[in-house]
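One structure is given below, encoded as C-alpha cells.
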Amino acid sequence: MKSIKLVGLFLFALNTLVFAQAPDAQAASTGTTYKLALNWLPEPQFGGFYQALIDDEFKKQGLNIEILPGGSGTPTVQMLTKGVVDFAIVSAEEILISNDKNLKNNVVGIFAAFQKNPQMIMSHESRKFKNIGDVLTNEGYLAWQKGLSYSLYLLKKYPHAKVKMVPYLGGLSQFQKDDQLSQQGFITSEPIAAGDLKIPISTFLVADEGFNPYTTVLSVRKDFNKVHPETVKKLHQAVANGWTSYLKNPDKANAYMAKLNPGMKPDTFKKSAEAQAALIQNTDGLGKMTENRWGELILQVKKLGLVKNKLKAENQFVNF
C-alpha cells in the first residue's frame with residue numbers, strides 16, 4: 001500500500017513538472033516549428049543560416065527552424081511585427097523605423113551578420129572617381145532608388161549634386177552601354193557581374209561615407225524574446241555556429257543554396273562568399289552589436305526625418 005502511494009506521489013510530481021515547465025521547454029517537447037523569413041533569395045549573404053540548417057545546428061539546440069526565402073520587396077519587418085513569422089532578416093534602420101511606428105510591438109536585433117554595410121556605388125573606371133562624393137558632384141548619370149535611407153543620407157551630405165539621377169532598373173544593361181552611368185549595388189553582387197563582363201570599374205562603399213547600419217540582422221519581437229528567452233538564445237548559438245563554419249568553408253552551403261536559387265551561377269556563389277567575408281568578421285565575436293553604433297544610427301535617421309520618437313540604443317538589440 002505504501003509503495004502504491006509512493007508511486008502515486010512520484011507520478012503526481014512528474015505530471016506537475018511537465019505542465020509547469022517553461023514555455024521554451026514546452027515548445028521543444030511539442031516540436032514547434034519556428035519560421036525565419038529572409039529578405040532576399042538564397043545567396044551567400046545568408047550562408048551562415050543555411051549552414052546552420054544543413055549542419056543540424058538548429059536541431060542540436062532542440063529547435064525546428066523553417067527558412068523562408070524572400071525576394072524583391074519582401075516586407076520581413078512587417079511580417080515579424082504582425083506575427084506571420086517568428087524571426088526575420090532585416091536591416092538596422094528598418095528596426096528603428098518599425099519601432100518608431102510600433103511603440104508597443106518592438107523588434108530587436110539578436111545577430112548582425114554584416115558588420116560593414118555592403119551597399120555601394122559603382123562607376124566606370126574611366127571616370128577616375130575617388131569616392132561617392134566625386135560621383136555625386138560631377139556630371140553624368142546615377143541609377144539608384146530614391147528614398148532609400150542611404151540615398152537620403154548621401155544627398156544630405158552632398159546637397160549640391162550635379163549628377164542626374166535616373167531610375168535603377170536592376171542588372172547591368174544600362175551600365176554596360178553608358179560609361180557616363182554609375183549605379184547602386186552591393187559589393188557582393190554587381191562588381192562580380194561586371195568582372196564577368198570584363199568591364200573595368202571602381203566601387204565605393206556607402207559605409208565609408210559614414211552611414212554604416214548593420215545589415216542582414218536576425219531579429220525577433222521583443223515580446224517573443226521575453227516569453228521564450230531560451231529559444232532565442234539557442235537560435236543565436238546555432239546561427240553563430242553556422243556562420244563560423246560557413247566562413248571557414250562555404251562550399252557545402254553554397255551548393256545547397258544553388259539548388260534553391262538556380263538563377264545564380266556556382267562560380268558567383270563562390271566569388272560572392274569571398275567578397276563578403278571581410279564585411280562579416282568581427283573581433284568582438286560574430287554577430288555582435290554595440291550601443292555606440294546603434295546610437296549613431298538613431299541620430300542619423302532622426303536627422304533624415306525617418307523617425308520621430310526618442311529611441312534608446314540599448315532597446316534595439318540583444319547580445320548573448
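In the C-alpha cells, each chain is lettered A, B, ... as it comes, each chain's residues begin at 1, and ligands are numbered from 1 in order of appearance.
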
Within 10 Å of stretch 154-159 of chain A, which residues of stretch 28-143 of chain A come that close, and what is the closest atom pair and distance in Å for each? Count only C-alpha atoms and give it as CSV.
residue,atom,partner,partner_atom,distance
A:Ile132,CA,A:Leu154,CA,8.4
A:Gly133,CA,A:Tyr158,CA,6.9
A:Asp134,CA,A:Tyr158,CA,9.8
A:Leu136,CA,A:Tyr158,CA,7.1
A:Thr137,CA,A:Tyr158,CA,7.5

Okay, now the selection with N, CA and C atoms, as a PDB file, in the first residue's frame?
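Wrote selection_9.pdb, looks like this:
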ATOM      1  N   ILE A 132      32.366  58.468 -53.448  1.00  0.00           N
ATOM      2  CA  ILE A 132      30.977  58.744 -53.816  1.00  0.00           C
ATOM      3  C   ILE A 132      30.743  60.237 -54.009  1.00  0.00           C
ATOM      4  N   GLY A 133      31.502  61.047 -53.273  1.00  0.00           N
ATOM      5  CA  GLY A 133      31.392  62.494 -53.444  1.00  0.00           C
ATOM      6  C   GLY A 133      31.683  62.904 -54.871  1.00  0.00           C
ATOM      7  N   ASP A 134      32.685  62.271 -55.481  1.00  0.00           N
ATOM      8  CA  ASP A 134      33.010  62.558 -56.879  1.00  0.00           C
ATOM      9  C   ASP A 134      31.860  62.161 -57.806  1.00  0.00           C
ATOM     10  N   LEU A 136      28.672  62.083 -57.127  1.00  0.00           N
ATOM     11  CA  LEU A 136      27.524  62.977 -56.981  1.00  0.00           C
ATOM     12  C   LEU A 136      27.794  64.394 -57.472  1.00  0.00           C
ATOM     13  N   THR A 137      29.014  64.860 -57.325  1.00  0.00           N
ATOM     14  CA  THR A 137      29.304  66.267 -57.632  1.00  0.00           C
ATOM     15  C   THR A 137      29.865  66.484 -59.037  1.00  0.00           C
TER      16      THR A 137
END

Please identify which residues in stretch 2-181 of chain A DSSP calls alpha helix (DSSP H) from the backbone, and express them as a ChimeraX atom specification. /A:2-20,23-29,47-54,57-60,76-81,92-101,132-137,149-157,173-177

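Straight-line separation from atom CA of A:Ser91 to atom CA of A:Val217: 5.7 Å.
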
Would you mind telling me which residue in A:Asp100, A:Glu190, A:Asp56, A:Asp179 lies nearest to A:Ala275 when using only C-alpha atoms? A:Glu190

Quick one: everything within 12 Å of A:Met79, counting only C-alpha atoms, minus sequence neighbours fewer than 3 positions away in the same chain. Send it as a PyMOL selection string. chain A and resi 35-39+68+70+73-76+82-90+98+107+219-221

I'd like the contact shell of stretch 262-271 of chain A - 10 Å cut-off, only C-alpha atoms, skipping same-chain residues fewer than 3 positions apart - returned as a ChimeraX atom specification. /A:41-45,47,188-189,192-193,196,250-251,253-255,257-259,274-276

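Here atom CA of A:Leu311 is placed at a distance of 8.1 Å from atom CA of A:Asn99.
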
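For A:Asn117, the list of residues within 10 Å, based on only C-alpha atoms and with local chain neighbours fewer than 2 positions off taken out, reads Ser91, Ala113, Phe114, Gln115, Gln119, Met120, Phe186, Ile187, Leu205, Val206, Ala207, Asp208, Phe211, Asn212, Pro213, Tyr214, Thr215, Thr216, Gln276, Leu279 and Ile280 of chain A.
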
Those residues with C-alpha atoms, as a PDB file, in the first residue's frame please?
ATOM      1  CA  SER A  91      18.433  45.963 -41.638  1.00  0.00           C
ATOM      2  CA  ALA A 113      25.771  39.109 -39.902  1.00  0.00           C
ATOM      3  CA  PHE A 114      27.224  42.119 -41.748  1.00  0.00           C
ATOM      4  CA  GLN A 115      29.280  44.411 -39.551  1.00  0.00           C
ATOM      5  CA  GLN A 119      25.785  48.733 -50.226  1.00  0.00           C
ATOM      6  CA  MET A 120      27.922  50.634 -52.725  1.00  0.00           C
ATOM      7  CA  PHE A 186      26.091  45.512 -53.363  1.00  0.00           C
ATOM      8  CA  ILE A 187      29.820  44.880 -53.211  1.00  0.00           C
ATOM      9  CA  LEU A 205      31.125  51.592 -50.135  1.00  0.00           C
ATOM     10  CA  VAL A 206      28.410  53.750 -48.591  1.00  0.00           C
ATOM     11  CA  ALA A 207      29.809  52.783 -45.185  1.00  0.00           C
ATOM     12  CA  ASP A 208      32.996  54.704 -45.984  1.00  0.00           C
ATOM     13  CA  PHE A 211      26.493  55.642 -42.986  1.00  0.00           C
ATOM     14  CA  ASN A 212      27.044  52.108 -41.776  1.00  0.00           C
ATOM     15  CA  PRO A 213      23.946  50.386 -40.365  1.00  0.00           C
ATOM     16  CA  TYR A 214      24.176  46.707 -39.524  1.00  0.00           C
ATOM     17  CA  THR A 215      22.625  44.567 -42.261  1.00  0.00           C
ATOM     18  CA  THR A 216      21.364  41.002 -42.547  1.00  0.00           C
ATOM     19  CA  GLN A 276      31.655  39.427 -48.182  1.00  0.00           C
ATOM     20  CA  LEU A 279      32.430  42.643 -44.011  1.00  0.00           C
ATOM     21  CA  ILE A 280      31.261  39.904 -41.635  1.00  0.00           C
TER      22      ILE A 280
END

Please, which residues of stretch 88-235 of chain A, numbered as in this document, come out strand (DSSP E) from DSSP, as a PyMOL selection string? chain A and resi 88-90+107-114+119-124+141-143+164-166+181-186+201-205+215-221

Neighbouring residues of A:Glu314 were defined as those with any atom within 9 Å, considering only C-alpha atoms; residues of the same chain fewer than 6 positions away were excluded. Please report them as number ranges by chain. A: 290-291, 294-295

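Each of A:Lys302, A:Arg293, A:Lys233, A:Arg127 was compared to A:Asn319 using only C-alpha atoms, and A:Lys233 turns out to be the nearest.
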
Pick from A:Met122, A:Ala273, A:Leu297, A:Leu63: nearest to A:Tyr141, with only C-alpha atoms counted? A:Met122

Residues within 10 Å of stretch 162-166 of chain A, only C-alpha atoms, excluding chain neighbours under 2 positions, as a PyMOL selection string: chain A and resi 134-146+158-160+168-169+180-183

Dump as a PDB file, in the first residue's frame, selection limited to C-alpha atoms:
ATOM      1  CA  ASP A 134      33.010  62.558 -56.879  1.00  0.00           C
ATOM      2  CA  VAL A 135      30.119  60.562 -58.328  1.00  0.00           C
ATOM      3  CA  LEU A 136      27.524  62.977 -56.981  1.00  0.00           C
ATOM      4  CA  THR A 137      29.304  66.267 -57.632  1.00  0.00           C
ATOM      5  CA  ASN A 138      30.305  65.557 -61.234  1.00  0.00           C
ATOM      6  CA  GLU A 139      28.107  65.472 -64.313  1.00  0.00           C
ATOM      7  CA  GLY A 140      26.867  62.126 -65.509  1.00  0.00           C
ATOM      8  CA  TYR A 141      24.098  59.742 -64.520  1.00  0.00           C
ATOM      9  CA  LEU A 142      23.396  57.773 -61.360  1.00  0.00           C
ATOM     10  CA  ALA A 143      20.931  54.881 -61.425  1.00  0.00           C
ATOM     11  CA  TRP A 144      19.555  54.293 -57.940  1.00  0.00           C
ATOM     12  CA  GLN A 145      16.379  54.052 -55.911  1.00  0.00           C
ATOM     13  CA  LYS A 146      15.419  57.407 -54.468  1.00  0.00           C
ATOM     14  CA  TYR A 158      26.363  66.311 -50.781  1.00  0.00           C
ATOM     15  CA  PRO A 159      23.495  68.812 -51.270  1.00  0.00           C
ATOM     16  CA  HIS A 160      24.938  70.349 -54.455  1.00  0.00           C
ATOM     17  CA  TYR A 168      17.529  51.867 -61.180  1.00  0.00           C
ATOM     18  CA  LEU A 169      16.173  49.037 -63.336  1.00  0.00           C
ATOM     19  CA  GLN A 180      28.824  58.024 -68.015  1.00  0.00           C
ATOM     20  CA  LEU A 181      26.460  55.992 -65.829  1.00  0.00           C
ATOM     21  CA  SER A 182      27.116  54.999 -62.225  1.00  0.00           C
ATOM     22  CA  GLN A 183      24.746  52.738 -60.327  1.00  0.00           C
TER      23      GLN A 183
END

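Using only C-alpha atoms, the shortest contact distance between A:Asn105 and any of A:Lys60, A:Lys222, A:Gly48, A:Ser149 is found at A:Lys222.
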
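The interatomic distance for the pair atom CA of A:Gly62 and atom CA of A:Phe317 works out to 23.6 Å.
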